[in-house]
file coords.txt (compact mmCIF, C-alpha atoms)
# COMPACT_ATOMS: atom_id res chain seq x y z
CA MET A 1 -2.76 30.46 -16.54
CA LEU A 2 0.43 28.41 -16.19
CA LEU A 3 -0.33 27.37 -12.59
CA PRO A 4 -3.66 25.56 -13.27
CA VAL A 5 -2.19 23.78 -16.30
CA ALA A 6 0.86 22.67 -14.28
CA PHE A 7 -1.42 21.53 -11.45
CA TRP A 8 -3.66 19.40 -13.65
CA VAL A 9 -0.77 17.87 -15.60
CA LEU A 10 1.05 16.94 -12.37
CA ALA A 11 -2.17 15.67 -10.76
CA VAL A 12 -2.95 13.39 -13.71
CA VAL A 13 0.66 12.14 -13.83
CA ALA A 14 0.67 11.47 -10.07
CA VAL A 15 -2.56 9.43 -10.12
CA LEU A 16 -1.86 7.55 -13.37
CA ALA A 17 1.70 6.69 -12.32
CA GLY A 18 0.31 5.56 -8.95
CA ALA A 19 -2.24 3.32 -10.67
CA ALA A 20 0.46 2.00 -13.03
CA VAL A 21 2.35 0.63 -9.99
CA PHE A 22 -0.25 -2.16 -9.78
CA MET A 23 -0.83 -2.54 -13.51
CA VAL A 24 2.65 -2.88 -15.04
CA ASP A 25 4.02 -6.38 -15.45
CA SER A 26 7.23 -6.23 -13.43
CA MET A 27 8.29 -4.97 -10.02
CA ALA A 28 11.14 -2.91 -11.46
CA ARG A 29 8.68 -0.94 -13.61
CA ALA A 30 6.34 -0.68 -10.60
CA SER A 31 9.04 0.90 -8.43
CA TYR A 32 9.88 3.48 -11.09
CA SER A 33 6.18 4.25 -11.62
CA LEU A 34 5.95 4.94 -7.89
CA ALA A 35 9.00 7.20 -8.13
CA VAL A 36 7.30 9.18 -10.94
CA SER A 37 4.17 9.52 -8.81
CA PHE A 38 6.23 10.80 -5.87
CA VAL A 39 8.10 13.30 -8.03
CA ALA A 40 4.76 14.63 -9.36
CA VAL A 41 3.43 14.98 -5.81
CA GLY A 42 6.68 16.67 -4.74
CA LEU A 43 6.24 19.19 -7.57
CA LEU A 44 2.61 19.73 -6.51
CA VAL A 45 3.84 20.44 -2.98
CA LEU A 46 6.30 22.94 -4.50
CA LEU A 47 3.35 24.59 -6.28
CA LEU A 48 1.76 24.94 -2.83
CA ARG A 49 4.86 26.98 -1.82
CA GLN A 50 6.33 24.37 0.55
CA HIS A 51 9.78 24.48 -0.95
CA TYR A 52 11.69 22.51 1.66
CA VAL A 53 9.11 19.73 2.06
CA GLY A 54 8.66 19.42 -1.71
CA VAL A 55 12.38 19.07 -2.39
CA VAL A 56 12.83 16.63 0.52
CA THR A 57 9.96 14.50 -0.79
CA ILE A 58 11.44 14.33 -4.30
CA LEU A 59 15.04 13.61 -3.19
CA MET A 60 14.05 11.08 -0.56
CA MET A 61 11.60 9.13 -2.66
CA VAL A 62 13.82 8.93 -5.75
CA MET A 63 16.58 7.44 -3.58
CA GLU A 64 14.13 5.16 -1.81
CA MET A 65 12.78 3.77 -5.06
CA ALA A 66 16.35 3.14 -6.27
CA VAL A 67 16.97 1.18 -3.03
CA MET A 68 13.70 -0.69 -3.59
CA ALA A 69 14.73 -1.68 -7.12
CA VAL A 70 18.07 -3.01 -5.81
CA TYR A 71 16.23 -4.80 -3.01
CA MET A 72 13.89 -6.56 -5.43
CA VAL A 73 16.68 -7.74 -7.68
CA MET A 74 18.67 -8.86 -4.61
CA PHE A 75 15.94 -10.94 -2.98
CA MET A 76 13.77 -11.94 -5.89
CA GLY A 77 16.31 -12.40 -8.66
CA MET A 78 14.89 -12.50 -12.14
CA ASN A 79 11.53 -13.68 -10.97
CA PRO A 80 9.47 -11.58 -10.44
CA ALA A 81 11.64 -8.44 -10.18
CA LEU A 82 12.28 -8.09 -13.89
CA MET A 83 9.87 -10.64 -15.32
CA PRO A 84 6.13 -10.33 -15.98
CA MET A 85 4.15 -11.09 -12.85
CA SER A 86 0.65 -10.88 -11.43
CA MET A 87 0.41 -11.65 -7.73
CA VAL A 88 -2.91 -10.49 -6.33
CA HIS A 89 -5.44 -11.99 -3.98
CA ASP A 90 -9.06 -11.00 -3.38
CA ASN A 91 -8.86 -8.51 -6.23
CA ARG A 92 -12.60 -7.76 -6.44
CA HIS A 93 -13.01 -6.99 -2.75
CA ALA A 94 -9.88 -4.80 -2.75
CA LEU A 95 -11.21 -2.88 -5.77
CA ALA A 96 -14.65 -2.46 -4.18
CA VAL A 97 -13.20 -1.23 -0.88
CA SER A 98 -10.83 1.25 -2.54
CA ILE A 99 -13.59 2.65 -4.80
CA GLY A 100 -15.88 2.93 -1.77
CA VAL A 101 -13.20 4.77 0.21
CA PHE A 102 -12.61 7.16 -2.71
CA VAL A 103 -16.35 7.91 -3.02
CA LEU A 104 -16.55 8.51 0.74
CA LEU A 105 -13.52 10.81 0.77
CA ALA A 106 -14.68 12.68 -2.35
CA ALA A 107 -18.13 13.21 -0.82
CA GLY A 108 -16.50 14.60 2.31
CA VAL A 109 -14.25 16.90 0.27
CA LEU A 110 -17.15 18.28 -1.77
CA LEU A 111 -19.79 18.51 0.98
CA VAL A 112 -17.80 19.92 3.91
CA PRO A 113 -18.04 23.74 4.14
CA TRP A 114 -14.31 24.47 4.36
CA PRO A 115 -13.40 27.60 6.34
CA ALA A 116 -11.68 30.60 4.76
CA ARG A 117 -7.89 30.88 4.98
CA ARG A 118 -6.65 32.19 8.32
CA GLY A 119 -3.64 34.49 8.01
CA GLY A 120 -1.01 34.54 5.28
CA PRO A 121 2.13 32.53 4.66
CA PRO A 122 5.41 33.79 6.13
CA VAL A 123 7.76 35.68 3.82
CA ASP A 124 10.38 32.90 3.95
CA VAL A 125 8.50 29.63 4.43
CA THR A 126 11.62 27.48 4.88
CA ALA A 127 13.16 29.84 7.45
CA ALA A 128 9.86 29.87 9.35
CA LEU A 129 9.90 26.05 9.44
CA GLY A 130 13.47 26.07 10.74
CA ASP A 131 12.61 28.65 13.39
CA GLY A 132 9.61 26.55 14.42
CA LEU A 133 11.61 23.32 14.70
CA MET A 134 14.41 24.97 16.67
CA GLY A 135 11.95 26.96 18.82
CA PRO A 136 8.39 26.19 19.88
CA LYS A 137 8.26 22.85 17.99
CA MET A 138 11.51 21.51 19.47
CA LEU A 139 9.62 18.69 21.22
CA VAL A 140 8.49 17.35 17.82
CA MET A 141 12.07 17.49 16.55
CA SER A 142 13.35 15.66 19.65
CA ALA A 143 10.69 12.95 19.36
CA VAL A 144 11.39 12.49 15.64
CA GLY A 145 15.13 12.16 16.37
CA GLY A 146 14.46 9.47 18.99
CA VAL A 147 12.12 7.56 16.70
CA MET A 148 14.66 7.64 13.87
CA ALA A 149 17.44 6.37 16.16
CA VAL A 150 15.25 3.51 17.42
CA THR A 151 14.32 2.68 13.81
CA VAL A 152 17.99 2.41 12.84
CA VAL A 153 18.71 0.02 15.76
CA ALA A 154 15.55 -2.08 15.18
CA GLY A 155 16.23 -2.27 11.44
CA VAL A 156 19.80 -3.45 11.94
CA VAL A 157 18.78 -6.01 14.59
CA LEU A 158 16.06 -7.43 12.33
CA ALA A 159 18.11 -7.49 9.16
CA ALA A 160 21.45 -8.62 10.65
CA HIS A 161 22.50 -12.09 9.57
CA ARG A 162 24.38 -12.93 12.78
CA THR A 163 24.15 -11.17 16.12
CA ARG A 164 26.12 -11.53 19.38
CA TYR A 165 23.71 -14.30 20.49
CA ASP A 166 24.74 -16.39 17.49
CA ARG A 167 28.40 -15.80 18.37
CA PHE A 168 28.37 -16.08 22.20
CA GLY A 169 25.24 -18.19 22.84
CA ASP A 170 21.97 -17.29 24.56
CA ASP A 171 23.75 -16.43 27.84
CA LEU A 172 26.58 -14.58 26.04
CA ARG A 173 29.16 -16.77 27.89
CA ARG A 174 30.47 -18.97 25.08
CA ARG A 175 34.24 -18.51 24.54
CA PRO A 176 35.69 -18.51 21.98
CA ALA A 177 32.96 -17.08 19.84
CA ASP A 178 31.30 -19.33 17.27
CA ASP A 179 32.43 -17.59 14.09
CA PRO A 180 32.19 -19.13 10.63
CA GLN A 181 35.58 -17.60 9.79
CA PRO A 182 38.05 -18.13 12.69
CA GLY A 183 40.84 -15.68 13.36
CA GLY A 184 41.08 -12.05 14.38
CA VAL A 185 43.13 -10.14 16.93
CA GLY A 186 44.57 -12.35 19.70
CA ARG A 187 43.47 -15.64 18.10
CA MET B 1 -6.26 24.89 -8.17
CA THR B 2 -8.55 24.91 -5.13
CA LEU B 3 -8.57 23.06 -1.81
CA GLN B 4 -11.25 20.70 -3.13
CA THR B 5 -9.39 19.76 -6.32
CA VAL B 6 -6.12 19.09 -4.48
CA LEU B 7 -7.96 17.00 -1.88
CA LEU B 8 -9.68 15.01 -4.63
CA VAL B 9 -6.29 14.18 -6.16
CA ALA B 10 -5.02 13.20 -2.69
CA ALA B 11 -8.11 10.99 -2.18
CA ALA B 12 -7.46 9.29 -5.54
CA LEU B 13 -3.83 8.59 -4.58
CA PHE B 14 -4.92 7.25 -1.16
CA SER B 15 -7.53 4.96 -2.73
CA VAL B 16 -5.14 3.58 -5.34
CA GLY B 17 -2.63 2.87 -2.57
CA LEU B 18 -5.33 1.19 -0.48
CA TYR B 19 -6.18 -1.07 -3.42
CA GLY B 20 -2.53 -2.08 -3.68
CA ALA B 21 -2.11 -2.66 0.05
CA LEU B 22 -5.21 -4.90 0.12
CA SER B 23 -4.75 -6.81 -3.12
CA GLN B 24 -1.03 -7.44 -3.55
CA GLN B 25 0.64 -10.63 -2.38
CA ALA B 26 4.31 -9.63 -2.53
CA VAL B 27 5.51 -7.87 0.64
CA VAL B 28 7.33 -5.23 -1.42
CA MET B 29 4.20 -4.44 -3.42
CA VAL B 30 2.16 -4.08 -0.22
CA MET B 31 4.77 -1.58 0.98
CA MET B 32 4.37 0.31 -2.29
CA GLY B 33 0.64 0.54 -1.63
CA LEU B 34 1.28 1.95 1.85
CA GLU B 35 3.73 4.46 0.38
CA LEU B 36 1.14 5.61 -2.12
CA MET B 37 -1.40 6.13 0.69
CA LEU B 38 1.13 8.26 2.57
CA ASN B 39 1.83 10.11 -0.69
CA GLY B 40 -1.83 11.15 -0.74
CA LEU B 41 -1.59 12.21 2.91
CA ILE B 42 1.40 14.45 2.15
CA LEU B 43 -0.52 16.18 -0.64
CA ALA B 44 -3.63 16.61 1.54
CA ALA B 45 -1.59 18.04 4.43
CA ALA B 46 0.19 20.47 2.06
CA ALA B 47 -3.19 21.60 0.69
CA PHE B 48 -4.63 22.11 4.17
CA TRP B 49 -1.57 24.16 5.07
CA TRP B 50 -1.74 26.41 2.03
CA PHE B 51 -5.49 26.89 1.75
CA LEU B 52 -6.52 26.97 5.43
CA ALA B 53 -3.75 28.03 7.82
CA PRO B 54 -0.28 28.69 6.32
CA ASP B 55 1.70 28.82 9.56
CA PRO B 56 4.79 26.74 10.52
CA SER B 57 2.77 24.16 12.52
CA GLY B 58 1.34 22.72 9.31
CA GLN B 59 4.81 22.27 7.85
CA VAL B 60 5.94 20.48 11.00
CA LEU B 61 3.00 18.08 10.58
CA LEU B 62 4.14 17.42 7.01
CA LEU B 63 7.64 16.59 8.23
CA VAL B 64 6.14 14.14 10.74
CA ILE B 65 4.25 12.40 7.90
CA ILE B 66 7.48 12.11 5.90
CA VAL B 67 9.24 10.65 8.95
CA ALA B 68 6.40 8.13 9.35
CA MET B 69 6.90 7.15 5.71
CA THR B 70 10.65 6.70 6.25
CA VAL B 71 10.14 4.57 9.36
CA GLU B 72 7.53 2.44 7.59
CA MET B 73 9.88 1.82 4.70
CA ALA B 74 12.95 1.07 6.86
CA MET B 75 11.08 -1.35 9.15
CA GLY B 76 9.27 -2.89 6.17
CA PHE B 77 12.57 -3.64 4.42
CA ALA B 78 14.06 -5.01 7.65
CA VAL B 79 11.08 -7.31 8.32
CA ALA B 80 11.02 -8.46 4.69
CA THR B 81 14.77 -9.20 4.85
CA HIS B 82 14.29 -11.20 8.06
CA LEU B 83 11.34 -13.11 6.57
CA HIS B 84 13.32 -13.94 3.47
CA ARG B 85 16.30 -15.09 5.51
CA VAL B 86 14.35 -17.26 7.97
CA ARG B 87 11.61 -18.67 5.74
CA ARG B 88 12.61 -17.85 2.16
CA ALA B 89 9.21 -16.11 2.01
CA ASP B 90 8.45 -12.99 -0.02
CA LEU B 91 4.63 -13.28 -0.08
CA THR B 92 2.24 -12.09 2.61
CA ASP B 93 0.28 -15.34 2.41
CA LEU B 94 3.40 -17.24 3.53
CA ALA B 95 3.62 -15.10 6.67
CA ALA B 96 -0.06 -15.02 7.62
CA ASP B 97 0.71 -16.61 11.00
CA LEU B 98 2.46 -13.38 12.08
CA SER B 99 -0.94 -11.71 12.42
CA ARG B 100 -2.05 -14.13 15.16
call {"tool": "encode", "arguments": {"input": "coords.txt", "output": "structure tokens"}}
result
Amino acid sequence: MLLPVAFWVLAVVAVLAGAAVFMVDSMARASYSLAVSFVAVGLLVLLLRQHYVGVVTILMMVMEMAVMAVYMVMFMGMNPALMPMSMVHDNRHALAVSIGVFVLLAAGVLLVPWPARRGGPPVDVTAALGDGLMGPKMLVMSAVGGVMAVTVVAGVVLAAHRTRYDRFGDDLRRRPADDPQPGGVGR
Amino acid sequence: MTLQTVLLVAAALFSVGLYGALSQQAVVMVMMGLELMLNGLILAAAAFWWFLAPDPSGQVLLLVIIVAMTVEMAMGFAVATHLHRVRRADLTDLAADLSR
């Protein structure tokens, strides 16, 4: 009895908070609405017995939305991060496309004859995931590690204010370096 | 709670996110739309795992989706930071030439 009630409450909260992201009148409220939606989905994932993934989703997204709120205040100041705003374009077409996609997906969900469940869940779901990642799914783990490392480098290169090319020139031969604040070891 | 009901909730989340990604002008709000779409994907993948084949492969797929979400967010923030620094732009319409 408790499980269906919890499911429907979390489902309604997830969808309404998701819709509120584009309805509230400031970006700060939008980011916290998105965090609420993610927490609800994380709890739904926990209801589906994926303990590790559910907890990771909640922890990661709460932190990410906090970073996003700081980001908005940092780059957008008082306008429009904390002030009322409405910045949309082609609203009608976007609404029509999204409703059409929902109808299409819902039709697929309701019309497809889904197969019966194959096998049962492992006794310890999290341990089984760990065994999988450190065993037969090691290639996935290695690829994910590489992608994350490349993302860190690419993110820093894109976001860095000054790189070595600004300091040493396009051919990296300029000496001394062109630094806005002179000084340092040996100078 | 059945596979169909969970998938319908996931479809609703995906569609709301799609609306945001298509309609919003601010880069950050577009990223929020993409996040919401991936949120729906996470829920759908978790439902498929539980209701169809609860073996570790499904969980690994879920982790890959979460990694994709992380990468999208990190690169999105980095590109938005760069755009703001170079052009003082925070709207997609001011960076439309990047799609050419």
call {"tool": "closest_atom_pairs", "arguments": {"input": "coords.txt", "of": "chain B", "to": "chain A", "cutoff": "6 Å", "atoms": "only C-alpha atoms", "output": "CSV"}}
result
residue,atom,partner,partner_atom,distance
B:Met1,CA,A:Pro4,CA,5.8
B:Gln4,CA,A:Val109,CA,5.9
B:Leu8,CA,A:Ala106,CA,6.0
B:Ala11,CA,A:Phe102,CA,5.9
B:Leu13,CA,A:Val15,CA,5.7
B:Ser15,CA,A:Ser98,CA,5.0
B:Leu18,CA,A:Ser98,CA,5.9
B:Tyr19,CA,A:Ser98,CA,5.3
B:Leu22,CA,A:Ala94,CA,5.5
B:Ser23,CA,A:Val88,CA,5.2
B:Gln24,CA,A:Val88,CA,4.5
B:Gln25,CA,A:Val88,CA,5.3
B:Phe51,CA,A:Arg117,CA,5.7
B:Leu52,CA,A:Arg117,CA,4.2
B:Ala53,CA,A:Arg118,CA,5.1
B:Pro54,CA,A:Pro121,CA,4.8
B:Pro56,CA,A:Leu129,CA,5.3
B:Met75,CA,A:Gly155,CA,5.7
B:Ala78,CA,A:Ala159,CA,5.0
B:Thr81,CA,A:Ala159,CA,5.7
B:His82,CA,A:Ala159,CA,5.4
call {"tool": "atom_distance", "arguments": {"input": "coords.txt", "atom1": "CA of Asp166 in chain A", "atom2": "CA of Leu98 in chain B"}}
result
23.1 Å
call {"tool": "atom_distance", "arguments": {"input": "coords.txt", "atom1": "CA of Val16 in chain B", "atom2": "CA of Glu35 in chain B"}}
result
10.6 Å
call {"tool": "atom_distance", "arguments": {"input": "coords.txt", "atom1": "CA of Val28 in chain B", "atom2": "CA of Val73 in chain A"}}
result
11.5 Å
call {"tool": "closest_residue", "arguments": {"input": "coords.txt", "among": "B:Asp55, B:Phe77, B:Val6, B:Ala44", "to": "Asp90 in chain B", "atoms": "all atoms listed in the file"}}
result
B:Phe77
call {"tool": "residues_around", "arguments": {"input": "coords.txt", "residues": "Ala95 in chain B", "least_positions_apart": "3", "cutoff": "12 Å", "atoms": "all atoms listed in the file", "output": "short mmCIF file (atom, residue, chain, number, x, y, z; two decimals) with C-alpha atoms, keeping the file's coordinate frame"}}
result
data_model
loop_
_atom_site.label_atom_id
_atom_site.label_comp_id
_atom_site.auth_asym_id
_atom_site.auth_seq_id
_atom_site.Cartn_x
_atom_site.Cartn_y
_atom_site.Cartn_z
CA GLN B 25 0.64 -10.63 -2.38
CA ALA B 26 4.31 -9.63 -2.53
CA VAL B 27 5.51 -7.87 0.64
CA VAL B 79 11.08 -7.31 8.32
CA ALA B 80 11.02 -8.46 4.69
CA HIS B 82 14.29 -11.20 8.06
CA LEU B 83 11.34 -13.11 6.57
CA HIS B 84 13.32 -13.94 3.47
CA VAL B 86 14.35 -17.26 7.97
CA ARG B 87 11.61 -18.67 5.74
CA ARG B 88 12.61 -17.85 2.16
CA ALA B 89 9.21 -16.11 2.01
CA ASP B 90 8.45 -12.99 -0.02
CA LEU B 91 4.63 -13.28 -0.08
CA THR B 92 2.24 -12.09 2.61
CA LEU B 98 2.46 -13.38 12.08
CA SER B 99 -0.94 -11.71 12.42
CA ARG B 100 -2.05 -14.13 15.16
#
call {"tool": "closest_residue", "arguments": {"input": "coords.txt", "among": "B:Ile42, B:Ala47, B:Met29, B:Ala74", "to": "Leu62 in chain B", "atoms": "all atoms listed in the file"}}
result
B:Ile42
call {"tool": "axis_aligned_box", "arguments": {"input": "coords.txt", "around": "range 67-79 of chain B", "padding_each_side": "5 Å", "output": "lines of an AutoDock Vina configuration file"}}
result
center_x = 10.2
center_y = 1.7
center_z = 6.9
size_x = 17.7
size_y = 28.0
size_z = 14.9
call {"tool": "residues_near_point", "arguments": {"input": "coords.txt", "point": "(30.3, -19.0, 20.7)", "cutoff": "10 Å", "atoms": "all atoms listed in the file", "output": "list in words"}}
result
Arg164, Tyr165, Asp166, Arg167, Phe168, Gly169, Asp170, Leu172, Arg173, Arg174, Arg175, Pro176, Ala177, Asp178 and Asp179 of chain A
call {"tool": "residues_around", "arguments": {"input": "coords.txt", "residues": "Ala45 in chain B", "least_positions_apart": "3", "cutoff": "10 Å", "atoms": "only C-alpha atoms", "output": "list in words"}}
result
Val45 of chain A; Leu7, Ala10, Gly40, Leu41, Ile42, Phe48, Trp49, Trp50, Gly58, Gln59, Leu61, Leu62 and Ile65 of chain B
call {"tool": "closest_residue", "arguments": {"input": "coords.txt", "among": "B:Leu43, B:Met37, B:Leu3, B:Leu94", "to": "Met69 in chain B", "atoms": "all atoms listed in the file"}}
result
B:Met37
call {"tool": "build_atoms", "arguments": {"input": "coords.txt", "residues": "range 14-47 of chain A", "atoms": "N, CA and C atoms", "output": "compact mmCIF listing (two decimals), in the coordinates of the input"}}
result
# COMPACT_ATOMS: atom_id res chain seq x y z
N ALA A 14 0.54 12.11 -11.39
CA ALA A 14 0.67 11.47 -10.07
C ALA A 14 -0.30 10.30 -9.92
N VAL A 15 -1.56 10.49 -10.31
CA VAL A 15 -2.56 9.43 -10.12
C VAL A 15 -2.33 8.29 -11.11
N LEU A 16 -2.06 8.62 -12.38
CA LEU A 16 -1.86 7.55 -13.37
C LEU A 16 -0.61 6.74 -13.07
N ALA A 17 0.48 7.43 -12.67
CA ALA A 17 1.70 6.69 -12.32
C ALA A 17 1.46 5.83 -11.09
N GLY A 18 0.65 6.34 -10.14
CA GLY A 18 0.31 5.56 -8.95
C GLY A 18 -0.47 4.32 -9.32
N ALA A 19 -1.45 4.48 -10.23
CA ALA A 19 -2.24 3.32 -10.67
C ALA A 19 -1.37 2.34 -11.45
N ALA A 20 -0.40 2.87 -12.22
CA ALA A 20 0.46 2.00 -13.03
C ALA A 20 1.30 1.07 -12.16
N VAL A 21 1.55 1.48 -10.90
CA VAL A 21 2.35 0.63 -9.99
C VAL A 21 1.75 -0.78 -9.92
N PHE A 22 0.40 -0.85 -9.94
CA PHE A 22 -0.25 -2.16 -9.78
C PHE A 22 -0.75 -2.72 -11.12
N MET A 23 -0.38 -2.06 -12.21
CA MET A 23 -0.83 -2.54 -13.51
C MET A 23 0.32 -3.02 -14.39
N VAL A 24 1.53 -2.47 -14.20
CA VAL A 24 2.65 -2.88 -15.04
C VAL A 24 3.05 -4.31 -14.70
N ASP A 25 3.80 -4.94 -15.60
CA ASP A 25 4.02 -6.38 -15.45
C ASP A 25 5.37 -6.75 -14.86
N SER A 26 6.04 -5.82 -14.18
CA SER A 26 7.23 -6.23 -13.43
C SER A 26 7.43 -5.28 -12.26
N MET A 27 8.09 -5.78 -11.23
CA MET A 27 8.29 -4.97 -10.02
C MET A 27 9.24 -3.81 -10.27
N ALA A 28 10.21 -4.01 -11.17
CA ALA A 28 11.14 -2.91 -11.46
C ALA A 28 10.38 -1.73 -12.06
N ARG A 29 9.48 -2.02 -13.02
CA ARG A 29 8.68 -0.94 -13.61
C ARG A 29 7.76 -0.33 -12.55
N ALA A 30 7.24 -1.19 -11.65
CA ALA A 30 6.34 -0.68 -10.60
C ALA A 30 7.07 0.31 -9.71
N SER A 31 8.32 0.00 -9.34
CA SER A 31 9.04 0.90 -8.43
C SER A 31 9.32 2.24 -9.11
N TYR A 32 9.63 2.21 -10.41
CA TYR A 32 9.88 3.48 -11.09
C TYR A 32 8.60 4.26 -11.35
N SER A 33 7.47 3.55 -11.53
CA SER A 33 6.18 4.25 -11.62
C SER A 33 5.89 4.98 -10.31
N LEU A 34 6.17 4.30 -9.20
CA LEU A 34 5.95 4.94 -7.89
C LEU A 34 6.86 6.16 -7.72
N ALA A 35 8.10 6.05 -8.21
CA ALA A 35 9.00 7.20 -8.13
C ALA A 35 8.44 8.38 -8.93
N VAL A 36 7.89 8.11 -10.12
CA VAL A 36 7.30 9.18 -10.94
C VAL A 36 6.13 9.82 -10.20
N SER A 37 5.31 8.99 -9.56
CA SER A 37 4.17 9.52 -8.81
C SER A 37 4.65 10.42 -7.67
N PHE A 38 5.70 9.99 -6.98
CA PHE A 38 6.23 10.80 -5.87
C PHE A 38 6.83 12.11 -6.36
N VAL A 39 7.53 12.06 -7.49
CA VAL A 39 8.10 13.30 -8.03
C VAL A 39 6.97 14.28 -8.40
N ALA A 40 5.90 13.76 -9.01
CA ALA A 40 4.76 14.63 -9.36
C ALA A 40 4.15 15.25 -8.11
N VAL A 41 3.99 14.44 -7.06
CA VAL A 41 3.43 14.98 -5.81
C VAL A 41 4.39 16.00 -5.19
N GLY A 42 5.69 15.71 -5.25
CA GLY A 42 6.68 16.67 -4.74
C GLY A 42 6.58 18.01 -5.47
N LEU A 43 6.39 17.94 -6.80
CA LEU A 43 6.24 19.19 -7.57
C LEU A 43 4.93 19.89 -7.22
N LEU A 44 3.88 19.11 -6.95
CA LEU A 44 2.61 19.73 -6.51
C LEU A 44 2.80 20.44 -5.17
N VAL A 45 3.56 19.81 -4.28
CA VAL A 45 3.84 20.44 -2.98
C VAL A 45 4.64 21.74 -3.19
N LEU A 46 5.56 21.70 -4.17
CA LEU A 46 6.30 22.94 -4.50
C LEU A 46 5.35 24.02 -5.01
N LEU A 47 4.34 23.62 -5.80
CA LEU A 47 3.35 24.59 -6.28
C LEU A 47 2.59 25.22 -5.12
